[in-house]
Amino acid sequence: MTQRRSDLLEAPDRARWELAAMAGRLRSLELKLAEEQVNAEALRRERDREHRRWERLRHSQSYRLGFGLVSLAKDPLHTVPRIARAVLRRLRRRPKVTTEGVRRVPAAAQRPPAHLYVAIGLDTVAVREFVLTLRQRLLVNPDHRPVVVTDCPQFALLRDLGVLLEYLPDRDTWEKHRPDRPWDDVLAQRLSRLYRDHDTARTIIVDRAQPPSLADLLR
């Protein structure tokens with residue numbers, strides 16, 4: 001009887017210990033997930049930058065010239081006629097225009113500017129509705145490239161909406177696992193990096209209590 005009573009008294013302590021251990025494991029998993037998401041975002045941006053760089057190189061005149069020289073060195077018998085035909089085709093298609101009064105616009109000037117939308121504190125449904133509204137606004141007037149910063153952990157589910165999403169762990173999760181580094185400093189550093197990476201021309205703070213409507217975005 002005494003042993004049974006002792007077991008009953010120890011059961012709540014053992015349950016509390018198991019719950020504390022489970023909570024610790026969950027916090028570790030949350031931190032690991034947040035770090036993996038941040039690393040995945042950094043790798044994705046690096047991949048996109050390298051892909052754009054490769055596309056620019058592939059379409060550059062230097063690349064085509066180098067490719068032609070390599071082909072000429074490997075197989076001059078077949079390369080020379082092919083190069084000659086390509087030159088003739090280009091000359092036939094080239095319109096006769098005068099250079100007077102022609103103004104060339106740099107490629108960077110033709111690219112629309114980037115607008116940074118800081119949507120912090122919105123849940124998955126609110127972020128999705130805002131991104132859909134933003135897409136409607138771009139259909140009306142595609143005058144910029146939107147970049148949405150969100151702290152929603154399920155942001156990866158919204159990538160199919162066609163708007164660039166940048167993830168930042170929310171304040172509570174960050175301060176729980178990294179109390180040595182203020183979340184405000186992390187946010188400021190991340191925004192500065194996004195300004196540099198995307199050449200941002202404008203920043204819009206999204207009110208989580210009342211996200212902007214289509215009419216608001218068109219103003």
# chains A, B, ... in the order shown; residues from 1 in each chain; ligands from 1

$ residues_around --residues "Gly162 (chain A)" --least-positions-apart "3" --cutoff "12 Å" --atoms "only C-alpha atoms" --output "PyMOL selection string"
chain A and resi 128+131-132+134-136+138+145-148+156-159+165

$ write_last_selection --atoms "N, CA and C atoms" --output "PDB file, in the first residue's frame"
ATOM      1  N   ARG A 128      -1.488  35.182 -47.780  1.00  0.00           N
ATOM      2  CA  ARG A 128      -1.984  34.713 -49.077  1.00  0.00           C
ATOM      3  C   ARG A 128      -2.934  35.736 -49.705  1.00  0.00           C
ATOM      4  N   VAL A 131      -0.923  38.719 -50.965  1.00  0.00           N
ATOM      5  CA  VAL A 131      -0.166  38.427 -52.187  1.00  0.00           C
ATOM      6  C   VAL A 131      -1.103  38.359 -53.394  1.00  0.00           C
ATOM      7  N   LEU A 132      -2.276  37.766 -53.221  1.00  0.00           N
ATOM      8  CA  LEU A 132      -3.242  37.723 -54.325  1.00  0.00           C
ATOM      9  C   LEU A 132      -3.700  39.127 -54.707  1.00  0.00           C
ATOM     10  N   LEU A 134      -1.942  41.800 -54.299  1.00  0.00           N
ATOM     11  CA  LEU A 134      -0.781  42.415 -54.945  1.00  0.00           C
ATOM     12  C   LEU A 134      -0.661  41.962 -56.396  1.00  0.00           C
ATOM     13  N   ARG A 135      -0.958  40.709 -56.664  1.00  0.00           N
ATOM     14  CA  ARG A 135      -0.934  40.224 -58.048  1.00  0.00           C
ATOM     15  C   ARG A 135      -1.989  40.929 -58.898  1.00  0.00           C
ATOM     16  N   GLN A 136      -3.169  41.144 -58.337  1.00  0.00           N
ATOM     17  CA  GLN A 136      -4.201  41.876 -59.073  1.00  0.00           C
ATOM     18  C   GLN A 136      -3.743  43.297 -59.377  1.00  0.00           C
ATOM     19  N   LEU A 138      -0.705  44.274 -59.872  1.00  0.00           N
ATOM     20  CA  LEU A 138       0.294  44.225 -60.940  1.00  0.00           C
ATOM     21  C   LEU A 138      -0.343  43.948 -62.294  1.00  0.00           C
ATOM     22  N   ARG A 145       8.558  45.520 -59.393  1.00  0.00           N
ATOM     23  CA  ARG A 145       8.766  44.122 -59.016  1.00  0.00           C
ATOM     24  C   ARG A 145       8.566  43.992 -57.508  1.00  0.00           C
ATOM     25  N   PRO A 146       7.544  43.271 -57.061  1.00  0.00           N
ATOM     26  CA  PRO A 146       7.283  43.184 -55.621  1.00  0.00           C
ATOM     27  C   PRO A 146       8.167  42.152 -54.936  1.00  0.00           C
ATOM     28  N   VAL A 147       8.621  42.501 -53.737  1.00  0.00           N
ATOM     29  CA  VAL A 147       9.349  41.587 -52.858  1.00  0.00           C
ATOM     30  C   VAL A 147       8.669  41.666 -51.492  1.00  0.00           C
ATOM     31  N   VAL A 148       8.124  40.554 -51.029  1.00  0.00           N
ATOM     32  CA  VAL A 148       7.353  40.525 -49.789  1.00  0.00           C
ATOM     33  C   VAL A 148       8.183  39.852 -48.698  1.00  0.00           C
ATOM     34  N   ALA A 156       6.570  28.938 -47.546  1.00  0.00           N
ATOM     35  CA  ALA A 156       6.913  28.110 -48.709  1.00  0.00           C
ATOM     36  C   ALA A 156       5.674  27.621 -49.444  1.00  0.00           C
ATOM     37  N   LEU A 157       4.539  27.539 -48.752  1.00  0.00           N
ATOM     38  CA  LEU A 157       3.307  27.092 -49.397  1.00  0.00           C
ATOM     39  C   LEU A 157       2.746  28.143 -50.347  1.00  0.00           C
ATOM     40  N   LEU A 158       3.271  29.368 -50.286  1.00  0.00           N
ATOM     41  CA  LEU A 158       2.733  30.466 -51.094  1.00  0.00           C
ATOM     42  C   LEU A 158       3.632  30.814 -52.271  1.00  0.00           C
ATOM     43  N   ARG A 159       4.660  30.027 -52.514  1.00  0.00           N
ATOM     44  CA  ARG A 159       5.587  30.354 -53.598  1.00  0.00           C
ATOM     45  C   ARG A 159       4.951  30.217 -54.969  1.00  0.00           C
ATOM     46  N   LEU A 165       8.956  35.896 -52.212  1.00  0.00           N
ATOM     47  CA  LEU A 165       8.776  35.955 -50.764  1.00  0.00           C
ATOM     48  C   LEU A 165      10.125  35.774 -50.078  1.00  0.00           C
TER      49      LEU A 165
END

$ atom_distance --atom1 "CA of Asp207 (chain A)" --atom2 "CA of Thr150 (chain A)"
12.3 Å

$ closest_residue --among "A:Leu33, A:Val186, A:Leu116, A:Val38" --to "Thr200 (chain A)" --atoms "only C-alpha atoms"
A:Leu116

$ closest_residue --among "A:Leu191, A:Leu31, A:Leu161, A:Ala23" --to "Glu129 (chain A)" --atoms "only C-alpha atoms"
A:Leu161

$ closest_residue --among "A:Ile204, A:Arg190, A:Ala20, A:Ile120" --to "Asp216 (chain A)" --atoms "only C-alpha atoms"
A:Ile204

$ closest_residue --among "A:Tyr195, A:Phe130, A:Tyr117, A:Trp174" --to "Ala34 (chain A)" --atoms "only C-alpha atoms"
A:Trp174
